[in-house]
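> If it helps, the file is called start_7.txt and holds compact mmCIF, C-alpha atoms:
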```txt
# COMPACT_ATOMS: atom_id res chain seq x y z
CA MET X 1 -52.64 -48.73 90.78
CA LYS X 2 -54.14 -51.03 88.18
CA GLN X 3 -52.17 -51.22 84.94
CA ASP X 4 -53.52 -52.62 81.70
CA ALA X 5 -51.97 -55.78 80.26
CA THR X 6 -48.26 -55.39 79.64
CA ARG X 7 -47.58 -55.99 76.00
CA ASN X 8 -44.58 -57.15 74.08
CA ALA X 9 -43.61 -55.15 71.01
CA ALA X 10 -45.88 -55.56 67.97
CA TYR X 11 -42.87 -55.69 65.64
CA THR X 12 -39.12 -56.09 66.06
CA VAL X 13 -36.14 -55.65 63.73
CA ASP X 14 -32.81 -57.32 64.53
CA CYS X 15 -29.73 -55.07 64.65
CA GLU X 16 -26.05 -55.93 64.86
CA ASP X 17 -25.41 -53.85 67.97
CA TYR X 18 -27.03 -52.40 71.07
CA VAL X 19 -29.26 -49.50 69.93
CA HIS X 20 -28.71 -46.30 71.95
CA VAL X 21 -31.04 -44.00 70.02
CA VAL X 22 -33.71 -44.29 67.33
CA GLU X 23 -35.47 -41.56 65.33
CA PHE X 24 -38.16 -41.71 62.67
CA ASN X 25 -37.75 -38.94 60.11
CA PRO X 26 -40.43 -36.40 61.20
CA PHE X 27 -40.43 -34.73 57.76
CA GLU X 28 -42.08 -35.75 54.51
CA SER X 29 -39.29 -37.18 52.35
CA GLY X 30 -41.17 -38.01 49.15
CA ASP X 31 -41.24 -41.78 49.49
CA SER X 32 -43.90 -44.20 50.68
CA GLY X 33 -41.53 -45.88 53.14
CA ASN X 34 -40.66 -44.17 56.42
CA LEU X 35 -37.05 -43.27 57.01
CA ILE X 36 -35.68 -44.38 60.34
CA ALA X 37 -32.23 -43.85 61.84
CA TYR X 38 -30.66 -45.68 64.75
CA GLY X 39 -27.32 -45.35 66.47
CA GLY X 40 -25.11 -47.97 68.11
CA ASN X 41 -21.71 -47.98 69.76
CA ASN X 42 -19.86 -46.78 66.66
CA PHE X 43 -22.20 -46.47 63.70
CA VAL X 44 -25.48 -44.98 62.46
CA VAL X 45 -27.87 -47.02 60.31
CA ILE X 46 -30.37 -45.39 57.95
CA GLY X 47 -33.25 -47.59 56.79
CA THR X 48 -36.82 -47.54 55.60
CA CYS X 49 -39.74 -49.33 57.19
CA THR X 50 -43.32 -49.88 56.07
CA PHE X 51 -45.99 -51.34 58.35
CA GLN X 52 -49.09 -53.44 57.68
CA GLU X 53 -51.14 -50.55 59.09
CA GLU X 54 -50.19 -48.55 55.96
CA GLU X 55 -50.02 -51.17 53.22
CA ALA X 56 -52.34 -54.16 53.02
CA ASP X 57 -49.91 -56.47 51.23
CA ILE X 58 -47.31 -56.23 54.02
CA GLU X 59 -47.36 -58.68 56.86
CA GLY X 60 -46.14 -56.96 60.01
CA ILE X 61 -43.19 -54.80 59.05
CA HIS X 62 -41.00 -54.51 55.97
CA TYR X 63 -37.60 -53.10 56.93
CA LYS X 64 -34.66 -52.37 54.64
CA THR X 65 -31.24 -50.88 55.50
CA LEU X 66 -30.20 -48.14 53.07
CA ARG X 67 -26.78 -47.38 54.47
CA THR X 68 -24.53 -47.78 57.51
CA PHE X 69 -22.32 -44.83 58.48
CA GLN X 70 -19.20 -45.44 60.53
CA HIS X 71 -19.23 -43.15 63.54
CA GLY X 72 -16.22 -44.27 65.60
CA VAL X 73 -17.80 -43.35 68.94
CA ARG X 74 -21.09 -44.05 70.73
CA VAL X 75 -24.09 -42.27 69.20
CA ASP X 76 -26.13 -40.39 71.84
CA GLY X 77 -28.57 -38.44 69.69
CA ILE X 78 -29.83 -38.18 66.11
CA ALA X 79 -31.73 -35.34 64.40
CA TRP X 80 -33.10 -35.44 60.85
CA SER X 81 -32.83 -32.54 58.41
CA PRO X 82 -35.94 -31.43 56.47
CA GLU X 83 -33.66 -31.35 53.40
CA THR X 84 -33.66 -35.17 53.33
CA ARG X 85 -35.37 -36.36 50.11
CA LEU X 86 -35.74 -39.85 48.69
CA ASP X 87 -37.60 -38.68 45.56
CA SER X 88 -34.81 -36.43 44.25
CA LEU X 89 -32.06 -37.56 41.87
CA PRO X 90 -29.74 -38.34 43.45
CA PRO X 91 -31.48 -38.82 46.82
CA VAL X 92 -30.38 -36.63 49.76
CA ILE X 93 -29.90 -38.10 53.23
CA LYS X 94 -29.04 -35.44 55.80
CA PHE X 95 -28.93 -35.80 59.57
CA CYS X 96 -26.74 -34.92 62.54
CA THR X 97 -25.63 -36.83 65.59
CA SER X 98 -24.42 -36.02 69.08
CA ALA X 99 -21.80 -38.31 70.52
CA ALA X 100 -19.98 -39.33 73.66
CA ASP X 101 -16.99 -37.15 72.62
CA MET X 102 -19.16 -33.96 72.98
CA LYS X 103 -19.09 -33.26 69.25
CA ILE X 104 -21.91 -32.88 66.72
CA ARG X 105 -21.45 -34.58 63.35
CA LEU X 106 -23.41 -33.44 60.31
CA PHE X 107 -23.80 -36.24 57.75
CA THR X 108 -24.72 -35.82 54.08
CA SER X 109 -25.11 -38.72 51.65
CA ASP X 110 -26.56 -39.49 48.21
CA LEU X 111 -26.61 -43.21 49.20
CA GLN X 112 -23.95 -43.77 46.51
CA ASP X 113 -20.47 -42.24 46.32
CA LYS X 114 -21.03 -39.05 48.27
CA ASN X 115 -20.87 -39.75 52.01
CA GLU X 116 -19.37 -36.96 54.05
CA TYR X 117 -19.60 -35.53 57.52
CA LYS X 118 -18.60 -32.30 59.20
CA VAL X 119 -17.72 -31.94 62.89
CA LEU X 120 -19.25 -29.10 64.94
CA GLU X 121 -17.19 -28.45 68.06
CA GLY X 122 -17.82 -26.14 70.99
CA HIS X 123 -19.69 -27.97 73.74
CA SER X 124 -17.53 -28.85 76.75
CA ASP X 125 -19.78 -31.56 78.20
CA PHE X 126 -22.35 -34.16 77.12
CA ILE X 127 -24.94 -33.07 74.54
CA ASN X 128 -28.45 -34.05 75.65
CA GLY X 129 -30.54 -32.82 72.73
CA LEU X 130 -30.25 -31.54 69.18
CA VAL X 131 -32.68 -30.49 66.45
CA PHE X 132 -32.66 -28.99 62.95
CA ASP X 133 -34.49 -25.82 62.04
CA PRO X 134 -37.66 -27.56 60.72
CA LYS X 135 -38.43 -25.19 57.84
CA GLU X 136 -35.17 -24.63 55.95
CA GLY X 137 -32.84 -27.05 57.70
CA GLN X 138 -30.03 -24.45 57.64
CA GLU X 139 -29.39 -24.38 61.39
CA ILE X 140 -28.99 -26.87 64.24
CA ALA X 141 -29.75 -26.20 67.91
CA SER X 142 -28.18 -28.23 70.72
CA VAL X 143 -28.27 -28.32 74.54
CA SER X 144 -25.66 -29.71 76.87
CA ASP X 145 -24.56 -30.48 80.42
CA ASP X 146 -22.21 -27.49 79.94
CA HIS X 147 -25.22 -25.21 80.78
CA THR X 148 -25.55 -23.83 77.23
CA CYS X 149 -27.93 -23.93 74.30
CA ARG X 150 -26.12 -23.24 71.03
CA VAL X 151 -27.39 -22.61 67.51
CA TRP X 152 -25.07 -23.49 64.62
CA ASN X 153 -25.18 -22.94 60.90
CA LEU X 154 -24.23 -25.84 58.62
CA ASP X 155 -20.65 -24.56 58.35
CA GLY X 156 -20.28 -25.13 62.09
CA ILE X 157 -20.35 -21.42 63.03
CA GLN X 158 -22.34 -20.60 66.18
CA THR X 159 -25.10 -18.10 65.38
CA ALA X 160 -26.58 -17.95 68.90
CA HIS X 161 -25.48 -18.96 72.38
CA PHE X 162 -27.76 -19.00 75.44
CA VAL X 163 -26.33 -19.46 78.93
CA LEU X 164 -28.53 -21.74 81.06
CA HIS X 165 -28.85 -22.07 84.85
CA SER X 166 -28.43 -25.86 84.83
CA PRO X 167 -27.78 -28.65 82.28
CA GLY X 168 -29.86 -28.34 79.09
CA MET X 169 -31.87 -31.56 78.65
CA SER X 170 -34.13 -30.98 75.62
CA VAL X 171 -34.41 -28.50 72.76
CA CYS X 172 -37.41 -28.22 70.39
CA TRP X 173 -37.97 -26.19 67.24
CA HIS X 174 -41.59 -26.01 66.06
CA PRO X 175 -42.40 -25.81 62.32
CA GLU X 176 -45.14 -23.25 63.05
CA GLU X 177 -42.97 -21.14 65.39
CA THR X 178 -39.62 -21.11 63.61
CA PHE X 179 -38.32 -17.97 65.35
CA LYS X 180 -38.68 -19.57 68.79
CA LEU X 181 -36.71 -22.27 70.52
CA MET X 182 -37.94 -24.28 73.51
CA VAL X 183 -35.19 -25.24 75.96
CA ALA X 184 -35.75 -27.48 78.99
CA GLU X 185 -33.31 -27.46 81.90
CA LYS X 186 -32.59 -30.12 84.50
CA ASN X 187 -33.61 -27.71 87.29
CA GLY X 188 -37.24 -27.96 86.08
CA ILE X 189 -37.44 -24.69 84.13
CA ILE X 190 -38.52 -24.66 80.47
CA ARG X 191 -37.82 -21.45 78.57
CA PHE X 192 -38.85 -20.18 75.17
CA TYR X 193 -36.26 -18.04 73.41
CA ASP X 194 -36.87 -15.52 70.66
CA LEU X 195 -34.16 -16.28 68.11
CA LEU X 196 -34.30 -12.84 66.50
CA ALA X 197 -33.98 -10.88 69.74
CA GLN X 198 -31.87 -13.71 71.21
CA GLN X 199 -33.58 -13.54 74.59
CA ALA X 200 -36.00 -15.54 76.74
CA ILE X 201 -39.66 -14.57 76.29
CA LEU X 202 -41.58 -17.11 78.40
CA SER X 203 -40.81 -19.66 81.09
CA LEU X 204 -42.63 -22.67 82.53
CA GLU X 205 -42.05 -24.15 85.99
CA SER X 206 -42.27 -27.82 86.78
CA GLU X 207 -41.48 -27.32 90.51
CA GLN X 208 -39.76 -30.69 90.30
CA MET X 209 -36.27 -31.99 89.71
CA PRO X 210 -34.57 -33.50 87.92
CA LEU X 211 -36.37 -32.69 84.68
CA MET X 212 -35.03 -35.27 82.21
CA SER X 213 -36.94 -34.62 78.99
CA ALA X 214 -39.48 -32.18 77.54
CA HIS X 215 -41.28 -31.90 74.21
CA TRP X 216 -43.28 -29.25 72.36
CA CYS X 217 -46.48 -30.68 70.88
CA LEU X 218 -46.45 -30.70 67.07
CA LYS X 219 -50.25 -30.66 66.77
CA ASN X 220 -50.86 -27.88 69.30
CA THR X 221 -48.20 -25.22 69.90
CA PHE X 222 -49.80 -24.33 73.27
CA LYS X 223 -49.01 -27.76 74.72
CA VAL X 224 -45.73 -28.74 76.35
CA GLY X 225 -45.01 -32.02 78.11
CA ALA X 226 -42.13 -33.21 80.28
CA VAL X 227 -40.99 -35.87 82.72
CA ALA X 228 -39.37 -34.92 86.02
CA GLY X 229 -38.69 -37.29 88.90
CA ASN X 230 -41.28 -40.08 88.65
CA ASP X 231 -43.92 -37.80 87.14
CA CYS X 232 -45.14 -36.63 83.81
CA LEU X 233 -46.24 -32.99 83.49
CA ILE X 234 -48.39 -31.24 80.87
CA TRP X 235 -48.68 -27.46 80.37
CA ASP X 236 -51.12 -25.30 78.47
CA ILE X 237 -48.91 -22.26 78.01
CA THR X 238 -51.90 -19.96 77.39
CA ARG X 239 -53.26 -20.66 80.86
CA SER X 240 -50.42 -20.93 83.34
CA SER X 241 -46.69 -21.31 83.76
CA TYR X 242 -47.45 -24.26 86.07
CA PRO X 243 -48.50 -27.71 84.85
CA GLN X 244 -52.18 -28.41 84.22
CA ASP X 245 -51.83 -32.14 84.46
CA LYS X 246 -49.43 -34.11 86.63
CA ARG X 247 -49.35 -37.89 86.98
CA PRO X 248 -46.89 -40.47 88.30
CA VAL X 249 -45.62 -42.61 85.42
CA HIS X 250 -42.46 -44.55 86.29
CA MET X 251 -41.42 -45.90 89.68
CA ASP X 252 -37.70 -45.87 88.90
CA ARG X 253 -37.66 -42.31 87.55
CA ALA X 254 -38.93 -41.23 84.17
CA CYS X 255 -36.49 -40.77 81.33
CA LEU X 256 -38.08 -39.56 78.06
CA PHE X 257 -41.28 -37.76 76.97
CA ARG X 258 -42.54 -37.57 73.37
CA TRP X 259 -45.81 -36.27 71.93
CA SER X 260 -47.43 -38.19 69.09
CA MET X 261 -47.01 -36.55 65.66
CA ILE X 262 -50.71 -37.04 64.79
CA ASN X 263 -52.77 -36.55 67.97
CA GLU X 264 -52.36 -33.76 70.51
CA ASN X 265 -53.68 -35.95 73.33
CA LEU X 266 -51.36 -38.91 72.79
CA PHE X 267 -47.86 -39.14 74.25
CA ALA X 268 -45.31 -41.72 75.33
CA THR X 269 -42.87 -41.95 78.24
CA THR X 270 -40.01 -44.25 79.15
CA GLY X 271 -38.41 -45.03 82.49
CA TYR X 272 -34.89 -45.99 83.38
CA PRO X 273 -34.13 -49.71 83.22
CA GLY X 274 -34.53 -50.60 86.88
CA LYS X 275 -36.33 -53.11 89.04
CA MET X 276 -39.40 -52.77 86.84
CA ALA X 277 -39.13 -54.30 83.39
CA SER X 278 -42.22 -52.47 82.12
CA GLN X 279 -40.71 -49.13 81.34
CA PHE X 280 -42.49 -47.88 78.25
CA GLN X 281 -45.95 -46.31 78.36
CA ILE X 282 -48.35 -44.69 75.93
CA HIS X 283 -50.79 -42.23 77.53
CA HIS X 284 -53.89 -40.37 76.43
CA LEU X 285 -54.83 -37.11 78.18
CA GLY X 286 -58.43 -38.32 78.46
CA HIS X 287 -57.42 -41.44 80.43
CA PRO X 288 -55.90 -41.43 83.93
CA GLN X 289 -54.08 -44.75 83.35
CA PRO X 290 -51.62 -45.57 80.55
CA ILE X 291 -53.43 -46.97 77.50
CA LEU X 292 -50.48 -49.21 76.73
CA THR X 293 -47.60 -50.47 78.86
CA GLY X 294 -44.70 -52.06 77.03
CA SER X 295 -42.29 -54.48 78.59
CA VAL X 296 -38.68 -53.98 77.54
CA ALA X 297 -35.71 -55.24 79.54
CA VAL X 298 -33.35 -52.54 78.33
CA GLY X 299 -34.43 -49.68 76.16
CA SER X 300 -33.15 -46.36 74.94
CA GLY X 301 -34.50 -43.74 72.61
CA LEU X 302 -38.15 -43.08 71.85
CA SER X 303 -39.67 -41.90 68.57
CA TRP X 304 -43.18 -41.62 67.09
CA HIS X 305 -44.00 -42.48 63.50
CA ARG X 306 -44.91 -39.48 61.34
CA THR X 307 -48.38 -40.69 60.31
CA LEU X 308 -49.27 -43.68 62.52
CA PRO X 309 -49.94 -44.08 66.28
CA LEU X 310 -46.77 -46.16 66.48
CA CYS X 311 -43.63 -45.82 68.64
CA ALA X 312 -40.09 -47.09 68.20
CA ILE X 313 -37.58 -47.83 70.97
CA GLY X 314 -34.03 -49.14 70.74
CA GLY X 315 -33.13 -52.33 72.56
CA ASP X 316 -30.41 -54.94 72.88
CA HIS X 317 -29.53 -55.77 69.26
CA LYS X 318 -33.04 -54.85 68.13
CA LEU X 319 -35.56 -52.16 67.31
CA LEU X 320 -38.93 -52.52 69.03
CA PHE X 321 -42.21 -51.08 67.72
CA TRP X 322 -45.52 -50.65 69.57
CA VAL X 323 -48.85 -49.69 67.99
CA THR X 324 -51.82 -48.15 69.74
CA GLU X 325 -55.27 -46.96 68.71
CA MET X 326 -55.99 -43.29 68.12
```
Can you turn what I pasted into structure tokens?

Amino acid sequence: MKQDATRNAAYTVDCEDYVHVVEFNPFESGDSGNLIAYGGNNFVVIGTCTFQEEEADIEGIHYKTLRTFQHGVRVDGIAWSPETRLDSLPPVIKFCTSAADMKIRLFTSDLQDKNEYKVLEGHSDFINGLVFDPKEGQEIASVSDDHTCRVWNLDGIQTAHFVLHSPGMSVCWHPEETFKLMVAEKNGIIRFYDLLAQQAILSLESEQMPLMSAHWCLKNTFKVGAVAGNDCLIWDITRSSYPQDKRPVHMDRACLFRWSMINENLFATTGYPGKMASQFQIHHLGHPQPILTGSVAVGSGLSWHRTLPLCAIGGDHKLLFWVTEM
């Protein structure tokens, strides 16, 4: 299988710790810079970054840390709230984390004196995914190895609880389908739940295990993508409950799948750090081979920029950024 040239990251930012997870803010926050959050062994850093692709007078990347939040335990996941605003007075920074102690922490800050967090407890095993309600930001959904998907309000009260057949790996909440939740399970089943009726309404089969990550396409609500085993799978939910497109992506098992925020045919996958160093790929549905392969010795997390064809990954004491063409 012929791969294209393996590329090093286009931009890097040095960090003071190993980065376990990185997330661009997917919501418009009223500022020209792009908010980014990353988590280490015991803290979360919130910063802004601007790239030369957006502003001509910038060379490469301009990164600035806004605030570091002590976390006290390894950060496993980060989700941004749509209530985050940089153009309000005072600014509002709102996000939640999942951590190695099986708790969710909801952080609120004005980047000055007000910095508080609330703990949401209930999961009895590792939390693999979490997401805010993308319209109002008044609820958080999470999935866990404890075979549940839970929905919480911001006071930490559970408003819905779905029992799964295997560990919950990913949960997605689409801004155009706010009364539905997509939940992907390790056994290869992806279900859509109606949040009003609190029941499953549609399921997709990957016929492959273990499913490690799935994502609902922002630009096209009919498209779902996932990685299971060494393969990447794409569904068109209007046509079949089985994948339309299936391709091998990572020799040492695939780890994460994320759709681009700006193009419904562009997606990225990562593999587990293994024998192969090249473990980050950007794919286009119109091309059988990856359009970009990134070499990263250790990497965790995967996030697309809100308005650019650009991906971030966490590394050893650094953030790594790759850019592709549309």
> Mind giving me the straight-line distance from CA of Gly294 in chain X to CA of Val249 in chain X in Å, one decimal?
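So the two atoms, CA of Gly294 in chain X and CA of Val249 in chain X, lie 12.7 Å apart.
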> So which one's closest to Gln281 in chain X, X:Ile93, X:Ile262, X:Val131, X:Ala9? Using only C-alpha atoms, please.
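Answer, going by the shortest atom-to-atom distance: X:Ala9.
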> Listed atoms of range 4-22 of chain X, axis-aligned box, 8 Å per side: centre and edge lengths to one decimal in Å, as AutoDock Vina command-line options?

```
--center_x -39.5 --center_y -50.7 --center_z 72.7 --size_x 44.1 --size_y 29.3 --size_z 34.0
```
> For the point (-25.5, -27.0, 64.0) in file coordinates, what residues are within 10 Å, counting all atoms listed in the file? Give the answer as a ChimeraX atom specification?
/X:96-97,104-106,118-121,130-133,137-142,150-159
> Determine, counting all atoms listed in the file, which protein, DNA and RNA residues have an atom within 8 Å of an atom of range 42-55 of chain X; residues of the same chain fewer than 3 positions away are not included. Present the result as number ranges by chain.
X: 32-39, 58-75, 308
> Need the shell around range 200-213 of chain X: protein/DNA/RNA residues with any atom at most 6 Å away, counting all atoms listed in the file. Skip same-chain ones fewer than 6 positions apart. Format as a VMD selection string?
chain X and resid 169 to 170 186 to 193 226 to 229 241 to 242 255 to 257
> Let me make sure I understand: among X:Ala160, X:Thr221, X:Ile127, X:His165, which one has the smallest atom-to-atom distance to Leu195 in chain X if we use all atoms listed in the file?
X:Ala160
> With distances taken over all atoms listed in the file, which residue among X:Gln112, X:Ser81, X:Asn265, X:Thr12 lies nearest Pro26 in chain X?
X:Ser81
> Which is closer to Val19 in chain X than all the others in X:Val323, X:Leu302, X:Leu181, X:Leu111, using all atoms listed in the file?
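Checking each of X:Val323, X:Leu302, X:Leu181, X:Leu111 against Val19 in chain X, counting all atoms listed in the file, the winner is X:Leu302.
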> If you count all atoms listed in the file, which residues fall within 9 Å of Ser29 in chain X, apart from same-chain ones fewer than 5 positions away, as a PyMOL selection string?
chain X and resi 34-35+82-87
> Which one of X:Leu164, X:Met261, X:Ile313, X:Ala268 sits closest to Glu23 in chain X if you count all atoms listed in the file?
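Nearest to Glu23 in chain X: X:Ile313.
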> For the atom pair CA of Val163 in chain X and CA of His215 in chain X, what is the interatomic distance in Å to one decimal place?
20.0 Å
> I'd like the contact shell of Lys246 in chain X - 7 Å cut-off, all atoms listed in the file, skipping same-chain residues fewer than 4 positions apart - returned as number ranges by chain.
X: 231-234
> Grab the CA of Pro243 in chain X to CA of Ser300 in chain X distance for me, in Å with one decimal place.
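Answer for the CA of Pro243 in chain X to CA of Ser300 in chain X separation: 26.1 Å.
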